[in-house]
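Below: coords.json (JSON, C-alpha atoms and all ligand atoms)
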[["chain", "number", "residue", "atom", "x", "y", "z"],
["R", 199, "MET", "CA", 0.00, 0.00, 0.00],
["R", 200, "LYS", "CA", 1.39, 3.41, -0.89],
["R", 201, "GLU", "CA", 0.64, 6.82, 0.54],
["R", 202, "ARG", "CA", 1.75, 10.40, -0.02],
["R", 203, "LYS", "CA", 5.43, 11.34, -0.05],
["R", 204, "ALA", "CA", 7.26, 11.90, 3.26],
["R", 205, "ALA", "CA", 9.54, 14.87, 4.12],
["R", 206, "ALA", "CA", 13.09, 14.17, 5.46],
["R", 207, "HIS", "CA", 12.11, 14.55, 9.13],
["R", 208, "GLU", "CA", 9.15, 12.24, 8.52],
["R", 209, "VAL", "CA", 11.52, 9.63, 7.06],
["R", 210, "ALA", "CA", 13.50, 9.73, 10.32],
["R", 211, "ALA", "CA", 10.26, 9.57, 12.34],
["R", 212, "ALA", "CA", 9.06, 6.55, 10.34],
["R", 213, "TRP", "CA", 12.25, 4.62, 11.20],
["R", 214, "GLU", "CA", 11.88, 5.55, 14.86],
["R", 215, "THR", "CA", 8.31, 4.21, 14.71],
["R", 216, "ASN", "CA", 9.57, 0.96, 13.13],
["R", 217, "ALA", "CA", 12.55, 0.52, 15.43],
["R", 218, "ASP", "CA", 11.03, -1.39, 18.35],
["R", 219, "ALA", "CA", 9.14, -4.04, 16.33],
["R", 220, "TRP", "CA", 11.94, -4.20, 13.72],
["R", 221, "SER", "CA", 14.52, -4.95, 16.42],
["R", 222, "ARG", "CA", 12.35, -7.64, 18.02],
["R", 223, "HIS", "CA", 11.41, -9.24, 14.71],
["R", 224, "THR", "CA", 14.96, -9.30, 13.32],
["R", 225, "ARG", "CA", 16.25, -10.70, 16.61],
["R", 226, "SER", "CA", 13.59, -13.43, 16.34],
["R", 227, "GLY", "CA", 14.96, -14.41, 12.92],
["R", 228, "TYR", "CA", 12.21, -13.04, 10.64],
["R", 229, "ASP", "CA", 14.63, -11.11, 8.37],
["R", 230, "VAL", "CA", 15.50, -14.31, 6.54],
["R", 231, "TYR", "CA", 17.00, -12.63, 3.46],
["R", 232, "ARG", "CA", 19.43, -10.74, 5.72],
["R", 233, "ASP", "CA", 20.44, -13.66, 7.91],
["R", 234, "ALA", "CA", 20.48, -16.53, 5.39],
["R", 235, "LEU", "CA", 21.80, -14.72, 2.33],
["R", 236, "HIS", "CA", 22.72, -11.05, 2.36],
["R", 237, "THR", "CA", 24.92, -10.76, 5.46],
["R", 238, "PRO", "CA", 26.85, -13.98, 4.69],
["R", 239, "ALA", "CA", 27.41, -12.73, 1.09],
["R", 240, "PHE", "CA", 28.45, -9.30, 2.40],
["R", 241, "LEU", "CA", 30.97, -10.75, 4.85],
["R", 242, "ALA", "CA", 32.33, -13.14, 2.22],
["R", 243, "ALA", "CA", 33.01, -10.15, -0.07],
["R", 244, "LEU", "CA", 34.54, -7.98, 2.67],
["R", 245, "PRO", "CA", 38.30, -7.28, 2.60],
["R", 246, "PRO", "CA", 40.11, -8.15, 5.86],
["R", 247, "VAL", "CA", 39.01, -5.73, 8.63],
["R", 248, "ALA", "CA", 40.81, -7.09, 11.73],
["R", 249, "GLY", "CA", 42.37, -4.19, 13.61],
["R", 250, "LEU", "CA", 40.75, -1.55, 11.37],
["R", 251, "GLN", "CA", 38.47, 1.26, 12.56],
["R", 252, "GLY", "CA", 35.05, 0.89, 10.97],
["R", 253, "LEU", "CA", 31.79, 2.81, 10.87],
["R", 254, "ASP", "CA", 28.45, 1.07, 10.25],
["R", 255, "ILE", "CA", 26.04, 3.63, 8.77],
["R", 256, "GLY", "CA", 22.33, 2.99, 9.47],
["R", 257, "CYS", "CA", 23.34, 0.25, 11.89],
["R", 258, "GLY", "CA", 19.84, -0.45, 13.21],
["R", 259, "GLU", "CA", 19.91, -2.63, 16.33],
["R", 260, "GLY", "CA", 23.50, -3.54, 15.53],
["R", 261, "ALA", "CA", 23.43, -7.20, 14.40],
["R", 262, "ASN", "CA", 25.73, -6.55, 11.45],
["R", 263, "THR", "CA", 27.91, -4.13, 13.45],
["R", 264, "ARG", "CA", 28.48, -6.94, 15.95],
["R", 265, "ALA", "CA", 29.35, -9.34, 13.10],
["R", 266, "LEU", "CA", 32.05, -6.88, 11.95],
["R", 267, "ALA", "CA", 33.37, -6.47, 15.50],
["R", 268, "ARG", "CA", 33.60, -10.26, 15.79],
["R", 269, "LEU", "CA", 35.89, -10.18, 12.73],
["R", 270, "GLY", "CA", 38.23, -8.01, 14.81],
["R", 271, "ALA", "CA", 37.23, -4.54, 13.54],
["R", 272, "ARG", "CA", 37.00, -1.65, 16.03],
["R", 273, "MET", "CA", 33.46, -0.55, 15.27],
["R", 274, "GLN", "CA", 31.25, 2.46, 15.69],
["R", 275, "GLY", "CA", 27.62, 2.46, 14.60],
["R", 276, "VAL", "CA", 25.34, 5.35, 13.73],
["R", 277, "ASP", "CA", 21.60, 5.36, 13.14],
["R", 278, "ILE", "CA", 18.94, 8.04, 12.74],
["R", 279, "ALA", "CA", 16.50, 6.31, 15.13],
["R", 280, "PRO", "CA", 17.20, 6.59, 18.89],
["R", 281, "THR", "CA", 15.33, 3.36, 19.66],
["R", 282, "PHE", "CA", 17.61, 1.37, 17.34],
["R", 283, "VAL", "CA", 20.62, 2.91, 19.12],
["R", 284, "ARG", "CA", 19.14, 1.96, 22.50],
["R", 285, "TYR", "CA", 18.68, -1.67, 21.40],
["R", 286, "ALA", "CA", 22.24, -1.75, 20.00],
["R", 287, "GLU", "CA", 23.70, -0.30, 23.22],
["R", 288, "GLU", "CA", 21.78, -2.83, 25.32],
["R", 289, "ALA", "CA", 23.30, -5.65, 23.24],
["R", 290, "GLU", "CA", 26.76, -4.10, 23.70],
["R", 291, "ARG", "CA", 26.28, -4.05, 27.47],
["R", 292, "ALA", "CA", 25.11, -7.70, 27.41],
["R", 293, "GLU", "CA", 28.04, -8.84, 25.23],
["R", 294, "PRO", "CA", 30.79, -6.19, 25.13],
["R", 295, "LEU", "CA", 32.55, -6.06, 21.75],
["R", 296, "GLY", "CA", 33.99, -2.56, 22.13],
["R", 297, "ILE", "CA", 31.37, -1.00, 19.83],
["R", 298, "GLN", "CA", 30.34, 2.64, 20.27],
["R", 299, "TYR", "CA", 26.93, 3.70, 18.98],
["R", 300, "ARG", "CA", 25.45, 7.11, 18.47],
["R", 301, "GLN", "CA", 22.35, 8.63, 17.02],
["R", 302, "GLY", "CA", 23.01, 10.60, 13.85],
["R", 303, "ASP", "CA", 22.15, 11.19, 10.22],
["R", 304, "GLY", "CA", 24.04, 9.33, 7.50],
["R", 305, "MET", "CA", 23.63, 12.41, 5.29],
["R", 306, "ALA", "CA", 25.43, 14.62, 7.87],
["R", 307, "LEU", "CA", 27.70, 12.26, 9.80],
["R", 308, "PRO", "CA", 28.70, 13.40, 13.31],
["R", 309, "PHE", "CA", 32.38, 12.41, 12.77],
["R", 310, "ALA", "CA", 35.53, 14.28, 11.75],
["R", 311, "ASP", "CA", 37.09, 13.92, 8.31],
["R", 312, "ARG", "CA", 39.31, 10.84, 7.82],
["R", 313, "SER", "CA", 38.21, 9.09, 11.03],
["R", 314, "PHE", "CA", 37.76, 5.54, 9.68],
["R", 315, "ASP", "CA", 39.60, 2.89, 7.67],
["R", 316, "PHE", "CA", 36.34, 1.53, 6.29],
["R", 317, "ALA", "CA", 32.60, 2.11, 6.37],
["R", 318, "THR", "CA", 29.65, -0.21, 5.85],
["R", 319, "ALA", "CA", 25.96, 0.43, 5.20],
["R", 320, "PHE", "CA", 23.66, -2.58, 5.22],
["R", 321, "MET", "CA", 20.35, -1.82, 3.48],
["R", 322, "SER", "CA", 20.31, 1.76, 4.70],
["R", 323, "LEU", "CA", 21.55, 4.11, 1.94],
["R", 324, "MET", "CA", 18.52, 3.44, -0.27],
["R", 325, "ASP", "CA", 16.27, 4.50, 2.63],
["R", 326, "MET", "CA", 17.80, 7.98, 2.76],
["R", 327, "PRO", "CA", 16.21, 10.82, 0.79],
["R", 328, "GLU", "CA", 19.60, 11.90, -0.65],
["R", 329, "PRO", "CA", 21.93, 8.88, -0.90],
["R", 330, "GLY", "CA", 24.43, 10.94, -2.90],
["R", 331, "ARG", "CA", 24.95, 13.11, 0.18],
["R", 332, "ALA", "CA", 25.36, 9.98, 2.33],
["R", 333, "LEU", "CA", 27.98, 8.61, -0.08],
["R", 334, "ALA", "CA", 29.85, 11.93, 0.00],
["R", 335, "GLU", "CA", 29.72, 11.85, 3.81],
["R", 336, "ALA", "CA", 31.06, 8.29, 3.87],
["R", 337, "ARG", "CA", 33.88, 9.42, 1.58],
["R", 338, "ARG", "CA", 34.61, 12.39, 3.89],
["R", 339, "VAL", "CA", 35.02, 10.29, 7.04],
["R", 340, "LEU", "CA", 37.20, 7.65, 5.31],
["R", 341, "ARG", "CA", 40.99, 7.83, 5.37],
["R", 342, "PRO", "CA", 42.81, 7.78, 2.01],
["R", 343, "GLY", "CA", 42.81, 4.19, 0.73],
["R", 344, "GLY", "CA", 39.80, 3.33, 2.90],
["R", 345, "PHE", "CA", 36.72, 1.62, 1.51],
["R", 346, "LEU", "CA", 32.94, 1.73, 1.73],
["R", 347, "GLN", "CA", 31.00, -1.50, 1.30],
["R", 348, "CYS", "CA", 27.22, -1.24, 1.22],
["R", 349, "THR", "CA", 24.18, -3.33, 0.33],
["R", 350, "ILE", "CA", 21.12, -1.79, -1.25],
["R", 351, "LEU", "CA", 17.95, -3.27, -2.66],
["R", 352, "HIS", "CA", 18.93, -4.11, -6.23],
["R", 353, "PRO", "CA", 17.93, -1.08, -8.33],
["R", 354, "CYS", "CA", 17.15, -3.24, -11.38],
["R", 355, "PHE", "CA", 15.12, -5.96, -9.68],
["R", 356, "VAL", "CA", 13.45, -4.03, -6.84],
["R", 357, "PRO", "CA", 12.12, -0.91, -8.55],
["R", 358, "PRO", "CA", 8.91, 0.68, -7.23],
["R", 359, "SER", "CA", 6.76, -2.11, -8.73],
["R", 360, "ARG", "CA", 7.78, -5.75, -8.28],
["R", 361, "ARG", "CA", 5.85, -9.01, -8.21],
["R", 362, "VAL", "CA", 7.15, -12.55, -7.76],
["R", 363, "LEU", "CA", 5.29, -14.92, -10.11],
["R", 364, "ARG", "CA", 4.66, -18.41, -8.68],
["R", 365, "ASP", "CA", 3.48, -21.71, -10.17],
["R", 366, "GLU", "CA", 0.64, -23.84, -8.76],
["R", 367, "GLN", "CA", 3.01, -25.35, -6.20],
["R", 368, "GLY", "CA", 3.96, -21.88, -4.99],
["R", 369, "GLN", "CA", 7.43, -22.06, -6.56],
["R", 370, "ALA", "CA", 8.74, -18.72, -7.82],
["R", 371, "PHE", "CA", 9.49, -18.92, -11.54],
["R", 372, "ALA", "CA", 9.79, -15.26, -12.57],
["R", 373, "VAL", "CA", 9.97, -11.74, -11.17],
["R", 374, "GLN", "CA", 7.99, -9.00, -12.87],
["R", 375, "VAL", "CA", 9.32, -5.45, -12.49],
["R", 376, "ALA", "CA", 8.04, -2.06, -13.61],
["R", 377, "ASP", "CA", 8.48, 1.68, -12.93],
["R", 378, "TYR", "CA", 12.28, 1.41, -13.17],
["R", 379, "PHE", "CA", 12.65, 5.12, -13.96],
["R", 380, "ARG", "CA", 10.24, 6.35, -11.25],
["R", 381, "ASN", "CA", 11.48, 7.65, -7.87],
["R", 382, "PRO", "CA", 8.59, 7.42, -5.36],
["R", 383, "ASP", "CA", 10.57, 10.03, -3.39],
["R", 384, "GLY", "CA", 9.35, 9.05, 0.05],
["R", 385, "GLU", "CA", 6.01, 7.37, -0.63],
["R", 386, "VAL", "CA", 5.31, 5.22, 2.41],
["R", 387, "GLU", "CA", 5.01, 1.45, 2.01],
["R", 388, "ARG", "CA", 3.50, -0.69, 4.76],
["R", 389, "TRP", "CA", 4.71, -4.25, 5.15],
["R", 390, "TRP", "CA", 5.86, -7.01, 7.50],
["R", 391, "PHE", "CA", 8.67, -9.52, 7.06],
["R", 392, "SER", "CA", 7.03, -12.17, 4.88],
["R", 393, "THR", "CA", 7.63, -14.94, 7.44],
["R", 394, "LEU", "CA", 6.04, -13.01, 10.33],
["R", 395, "PRO", "CA", 3.28, -15.14, 11.90],
["R", 396, "ALA", "CA", -0.33, -13.92, 11.95],
["R", 397, "GLU", "CA", -0.39, -13.46, 15.74],
["R", 398, "LEU", "CA", 2.50, -10.98, 15.55],
["R", 399, "ARG", "CA", 0.74, -9.14, 12.68],
["R", 400, "GLN", "CA", -2.17, -8.67, 15.09],
["R", 401, "LYS", "CA", 0.14, -7.35, 17.81],
["R", 402, "ASP", "CA", 2.60, -5.15, 15.89],
["R", 403, "ALA", "CA", 1.63, -2.58, 13.29],
["R", 404, "ALA", "CA", 3.15, -3.00, 9.83],
["R", 405, "PHE", "CA", 6.46, -1.22, 9.21],
["R", 406, "GLN", "CA", 6.16, 2.14, 7.48],
["R", 407, "THR", "CA", 9.06, 2.65, 5.13],
["R", 408, "PRO", "CA", 9.40, 5.75, 2.97],
["R", 409, "VAL", "CA", 10.60, 4.45, -0.40],
["R", 410, "PHE", "CA", 13.13, 6.00, -2.77],
["R", 411, "HIS", "CA", 14.45, 4.56, -6.01],
["R", 412, "HIS", "CA", 17.40, 5.37, -8.24],
["R", 413, "THR", "CA", 18.45, 3.54, -11.38],
["R", 414, "LEU", "CA", 21.65, 1.50, -11.44],
["R", 415, "GLY", "CA", 23.24, 4.21, -13.58],
["R", 416, "ALA", "CA", 22.28, 6.85, -11.00],
["R", 417, "TRP", "CA", 23.88, 4.81, -8.18],
["R", 418, "VAL", "CA", 27.13, 4.46, -10.14],
["R", 419, "GLU", "CA", 27.04, 8.20, -10.85],
["R", 420, "MET", "CA", 26.51, 8.97, -7.13],
["R", 421, "VAL", "CA", 29.42, 6.71, -6.10],
["R", 422, "VAL", "CA", 31.75, 8.31, -8.64],
["R", 423, "SER", "CA", 30.58, 11.86, -7.84],
["R", 424, "ALA", "CA", 31.35, 11.22, -4.16],
["R", 425, "GLY", "CA", 34.99, 10.74, -5.19],
["R", 426, "LEU", "CA", 35.02, 6.98, -4.70],
["R", 427, "VAL", "CA", 36.44, 4.41, -7.10],
["R", 428, "LEU", "CA", 34.09, 1.52, -7.82],
["R", 429, "GLU", "CA", 35.80, -1.75, -6.88],
["R", 430, "ALA", "CA", 33.18, -4.52, -6.82],
["R", 431, "MET", "CA", 29.50, -5.20, -7.40],
["R", 432, "ILE", "CA", 28.11, -8.46, -6.04],
["R", 433, "GLU", "CA", 24.60, -9.85, -6.60],
["R", 434, "PRO", "CA", 23.79, -12.47, -3.93],
["R", 435, "SER", "CA", 21.91, -15.55, -5.10],
["R", 436, "ALA", "CA", 20.85, -18.38, -2.81],
["R", 437, "SER", "CA", 22.56, -21.71, -3.35],
["R", 438, "GLU", "CA", 20.30, -24.75, -3.85],
["R", 439, "GLU", "CA", 21.01, -25.77, -0.24],
["R", 440, "VAL", "CA", 20.16, -22.33, 1.22],
["R", 441, "ALA", "CA", 16.98, -22.10, -0.91],
["R", 442, "ALA", "CA", 15.91, -25.58, 0.25],
["R", 443, "GLN", "CA", 16.54, -24.63, 3.88],
["R", 444, "HIS", "CA", 14.92, -21.18, 3.59],
["R", 445, "PRO", "CA", 12.35, -21.32, 0.76],
["R", 446, "VAL", "CA", 11.54, -17.62, 1.21],
["R", 447, "VAL", "CA", 14.87, -16.66, -0.42],
["R", 448, "ALA", "CA", 14.45, -19.02, -3.40],
["R", 449, "ASP", "CA", 13.41, -16.10, -5.64],
["R", 450, "THR", "CA", 17.04, -14.90, -5.54],
["R", 451, "ARG", "CA", 17.90, -17.90, -7.72],
["R", 452, "ILE", "CA", 15.91, -16.11, -10.48],
["R", 453, "VAL", "CA", 17.11, -12.54, -9.94],
["R", 454, "PRO", "CA", 18.94, -10.92, -7.00],
["R", 455, "LEU", "CA", 17.12, -8.88, -4.36],
["R", 456, "ALA", "CA", 20.24, -7.05, -3.21],
["R", 457, "LEU", "CA", 23.29, -5.40, -4.72],
["R", 458, "ILE", "CA", 26.52, -5.17, -2.73],
["R", 459, "ILE", "CA", 28.79, -2.32, -3.81],
["R", 460, "ARG", "CA", 32.37, -1.76, -2.71],
["R", 461, "ALA", "CA", 34.11, 1.51, -3.54],
["R", 462, "ARG", "CA", 37.39, 2.97, -2.36],
["R", 463, "CYS", "CA", 39.02, 6.33, -1.63],
["R", 464, "ARG", "CA", 42.15, 7.00, -3.60],
["R", 465, "ALA", "CA", 45.28, 6.47, -1.46],
["R", 501, "LIG", "C1", 16.51, -1.65, 6.51],
["R", 501, "LIG", "S1", 17.09, -1.03, 8.03],
["R", 501, "LIG", "C2", 18.67, -1.86, 8.13],
["R", 501, "LIG", "C3", 19.24, -1.89, 9.51],
["R", 501, "LIG", "C4", 20.59, -2.61, 9.66],
["R", 501, "LIG", "N1", 21.63, -1.98, 8.88],
["R", 501, "LIG", "C5", 20.47, -4.07, 9.27],
["R", 501, "LIG", "O1", 21.02, -4.47, 8.26],
["R", 501, "LIG", "O2", 19.82, -4.80, 10.01],
["R", 501, "LIG", "C6", 17.54, 0.65, 7.55],
["R", 501, "LIG", "C7", 18.23, 1.41, 8.67],
["R", 501, "LIG", "O3", 18.67, 2.67, 8.18],
["R", 501, "LIG", "C8", 18.43, 3.64, 9.19],
["R", 501, "LIG", "N2", 18.36, 4.96, 8.55],
["R", 501, "LIG", "C9", 17.42, 5.43, 7.69],
["R", 501, "LIG", "N3", 17.70, 6.70, 7.33],
["R", 501, "LIG", "C10", 18.86, 7.03, 7.97],
["R", 501, "LIG", "C11", 19.67, 8.19, 8.00],
["R", 501, "LIG", "N4", 19.34, 9.29, 7.29],
["R", 501, "LIG", "N5", 20.78, 8.18, 8.75],
["R", 501, "LIG", "C12", 21.13, 7.10, 9.47],
["R", 501, "LIG", "N6", 20.39, 5.97, 9.50],
["R", 501, "LIG", "C13", 19.28, 5.92, 8.74],
["R", 501, "LIG", "C14", 17.12, 3.19, 9.79],
["R", 501, "LIG", "O4", 16.85, 3.78, 11.04],
["R", 501, "LIG", "C15", 17.33, 1.69, 9.86],
["R", 501, "LIG", "O5", 18.00, 1.31, 11.02]]
For the file at hand, write its structure as structure tokens.
Amino acid sequence: MKERKAAAHEVAAAWETNADAWSRHTRSGYDVYRDALHTPAFLAALPPVAGLQGLDIGCGEGANTRALARLGARMQGVDIAPTFVRYAEEAERAEPLGIQYRQGDGMALPFADRSFDFATAFMSLMDMPEPGRALAEARRVLRPGGFLQCTILHPCFVPPSRRVLRDEQGQAFAVQVADYFRNPDGEVERWWFSTLPAELRQKDAAFQTPVFHHTLGAWVEMVVSAGLVLEAMIEPSASEEVAAQHPVVADTRIVPLALIIRARCRA
């Protein structure tokens, strides 16, 4: 369901509204694409980070920030929504990994120039009204030679209109996309994780996510304009084993849902 466009402060407010249920649902394992496919693919593509200072932009409740810290990186996390930061800090107190979190805007990062060796952004840049500004900010806080690795919803296969076509057995056999050149510019979509049980849909309101869309060409242009050098683009696809174990991600054997981009500052 789509509604009118949201202003920048309303985008931040929408994420704050989502943060409590989002944190509980992801911690209960309902973000299957993230846990079974996208984070493992992201970490497999990541250059070595042990001993490096890293910033996780749009860190949410911190699950991926903790994964990076467990690889030996010295992590900080930043998120626009105070409730996400509170959940992340609670997890840090329960299992200290040396991570510092703070509330802040990815489009105006509260960090000095050249503070980090690398930055990550897991499914957060495409939620920002001006991702080009966020990319320029990531570039600003990176040291020369540092890299940004981010995942976004794949611009080609998750444009504003998308429908998975299924056969009589419920098996996905195609993905229909449309509106590739349209930016909804903050129209609000309401949705739950697809595996969320009915009783939780009664209890927790659907997420409200303001949606933005940029073509693949526009993303490449934004990366290059930020002064970063494109280094890798990875399109995660579930293996037969992962799809059998988690049927919800089987559609990524047809087309990818996510695009992982790595780009680097010149040394
Ligand atoms: C799809 S969630 C992903 C959360 C987390 N990175 C993960 O992978 O589980 C998008 C995140 O981006 C954050 N976000 C959205 N706009 C932001 C902004 N302008 N600055 C910082 N964080 C933002 C949201 O609050 C939310 O935590």
Which residue gives the smallest distance to ligand LIG 501 (chain R) among R:Gln298, R:Gln251, R:Ser359, R:Thr407, with only C-alpha atoms and all ligand atoms counted?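 Ranked by minimum distance to ligand LIG 501 (chain R), first place goes to R:Thr407.
Taking CA of Val427 in chain R and CA of Ala239 in chain R as endpoints, the distance between them is 21.0 Å.
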For chain R against ligand LIG 501 (chain R), with a cut-off of 7 Å and counting all atoms listed in the file, what is the closest atom pair and its distance in Å to one decimal for every residue that makes the cut, ordered by chain and number, as a Markdown table?
| residue | atom | partner | partner_atom | distance |
| --- | --- | --- | --- | --- |
| R:Val209 | CA | R:LIG501 | N3 | 6.8 |
| R:Ala210 | CA | R:LIG501 | N3 | 6.0 |
| R:Trp213 | CA | R:LIG501 | O4 | 4.7 |
| R:Glu214 | CA | R:LIG501 | O4 | 6.5 |
| R:Ala217 | CA | R:LIG501 | O4 | 7.0 |
| R:Arg232 | CA | R:LIG501 | O1 | 6.9 |
| R:Ile255 | CA | R:LIG501 | C12 | 6.1 |
| R:Gly256 | CA | R:LIG501 | N6 | 3.6 |
| R:Cys257 | CA | R:LIG501 | N1 | 4.1 |
| R:Gly258 | CA | R:LIG501 | O5 | 3.4 |
| R:Glu259 | CA | R:LIG501 | O2 | 6.7 |
| R:Gly260 | CA | R:LIG501 | C4 | 6.6 |
| R:Ala261 | CA | R:LIG501 | O2 | 6.2 |
| R:Asn262 | CA | R:LIG501 | O1 | 6.1 |
| R:Val276 | CA | R:LIG501 | C12 | 6.2 |
| R:Asp277 | CA | R:LIG501 | N6 | 3.9 |
| R:Ile278 | CA | R:LIG501 | C12 | 4.0 |
| R:Ala279 | CA | R:LIG501 | O4 | 4.8 |
| R:Phe282 | CA | R:LIG501 | O5 | 6.3 |
| R:Gly302 | CA | R:LIG501 | C12 | 5.9 |
| R:Asp303 | CA | R:LIG501 | N5 | 3.6 |
| R:Gly304 | CA | R:LIG501 | N5 | 3.7 |
| R:Met305 | CA | R:LIG501 | N4 | 5.7 |
| R:Ala319 | CA | R:LIG501 | N1 | 6.2 |
| R:Phe320 | CA | R:LIG501 | N1 | 4.2 |
| R:Met321 | CA | R:LIG501 | C1 | 4.9 |
| R:Ser322 | CA | R:LIG501 | O3 | 4.0 |
| R:Asp325 | CA | R:LIG501 | C9 | 5.3 |
| R:Met326 | CA | R:LIG501 | N3 | 4.7 |
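If you count only C-alpha atoms and ignore residues fewer than 2 places along the chain from Pro294 in chain R, what sits within 12 Å of it is Arg264, Ala267, Arg268, Arg272, Met273, Ala286, Glu287, Glu288, Ala289, Glu290, Arg291, Ala292, Gly296, Ile297 and Gln298 of chain R.
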Restricting the calculation to all atoms listed in the file: of R:Val375, R:Ala306, R:Ala336, R:Ile458, which residue gets closest to Leu351 in chain R? R:Ile458
Of the candidates R:Leu307, R:Leu455, R:Pro329, R:Pro445, which one gets nearest to Thr393 in chain R if we count only C-alpha atoms?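 Looking only at the distances to Thr393 in chain R, the closest residue turns out to be R:Pro445.
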Go ahead and compute the interatomic distance for CA of Val421 in chain R and CA of Val339 in chain R, in Å to one decimal. 14.7 Å
His223 in chain R surroundings by all atoms listed in the file, 12 Å radius, close-in-sequence under 4 positions cut, as a short mmCIF file (atom, residue, chain, number, x, y, z; two decimals) with C-alpha atoms, in the frame of the given file:
data_model
loop_
_atom_site.label_atom_id
_atom_site.label_comp_id
_atom_site.auth_asym_id
_atom_site.auth_seq_id
_atom_site.Cartn_x
_atom_site.Cartn_y
_atom_site.Cartn_z
CA ASN R 216 9.57 0.96 13.13
CA ALA R 217 12.55 0.52 15.43
CA ASP R 218 11.03 -1.39 18.35
CA ALA R 219 9.14 -4.04 16.33
CA GLY R 227 14.96 -14.41 12.92
CA TYR R 228 12.21 -13.04 10.64
CA ASP R 229 14.63 -11.11 8.37
CA VAL R 230 15.50 -14.31 6.54
CA GLU R 259 19.91 -2.63 16.33
CA TRP R 390 5.86 -7.01 7.50
CA PHE R 391 8.67 -9.52 7.06
CA SER R 392 7.03 -12.17 4.88
CA THR R 393 7.63 -14.94 7.44
CA LEU R 394 6.04 -13.01 10.33
CA PRO R 395 3.28 -15.14 11.90
CA LEU R 398 2.50 -10.98 15.55
CA ARG R 399 0.74 -9.14 12.68
CA LYS R 401 0.14 -7.35 17.81
CA ASP R 402 2.60 -5.15 15.89
CA ALA R 403 1.63 -2.58 13.29
CA ALA R 404 3.15 -3.00 9.83
CA PHE R 405 6.46 -1.22 9.21
#
If you measure from CA of Gln274 in chain R to CA of Ala317 in chain R, what distance in Å do you get, rounded to one decimal?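 Interatomic distance, CA of Gln274 in chain R to CA of Ala317 in chain R: 9.4 Å.
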Let me have the centre and edge lengths of the axis-aligned box enclosing all listed atoms of range 275-294 of chain R with 3 Å padding on every side, in Å to one decimal, as JSON.
{"center_x": 23.1, "center_y": -0.4, "center_z": 20.1, "size_x": 21.5, "size_y": 22.9, "size_z": 20.7}
Between R:Val453, R:Val356, R:Val386, R:Leu333, which residue has the minimum interatomic distance to Ala372 in chain R, considering only C-alpha atoms?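 Among R:Val453, R:Val356, R:Val386, R:Leu333, it is R:Val453 that comes nearest to Ala372 in chain R.
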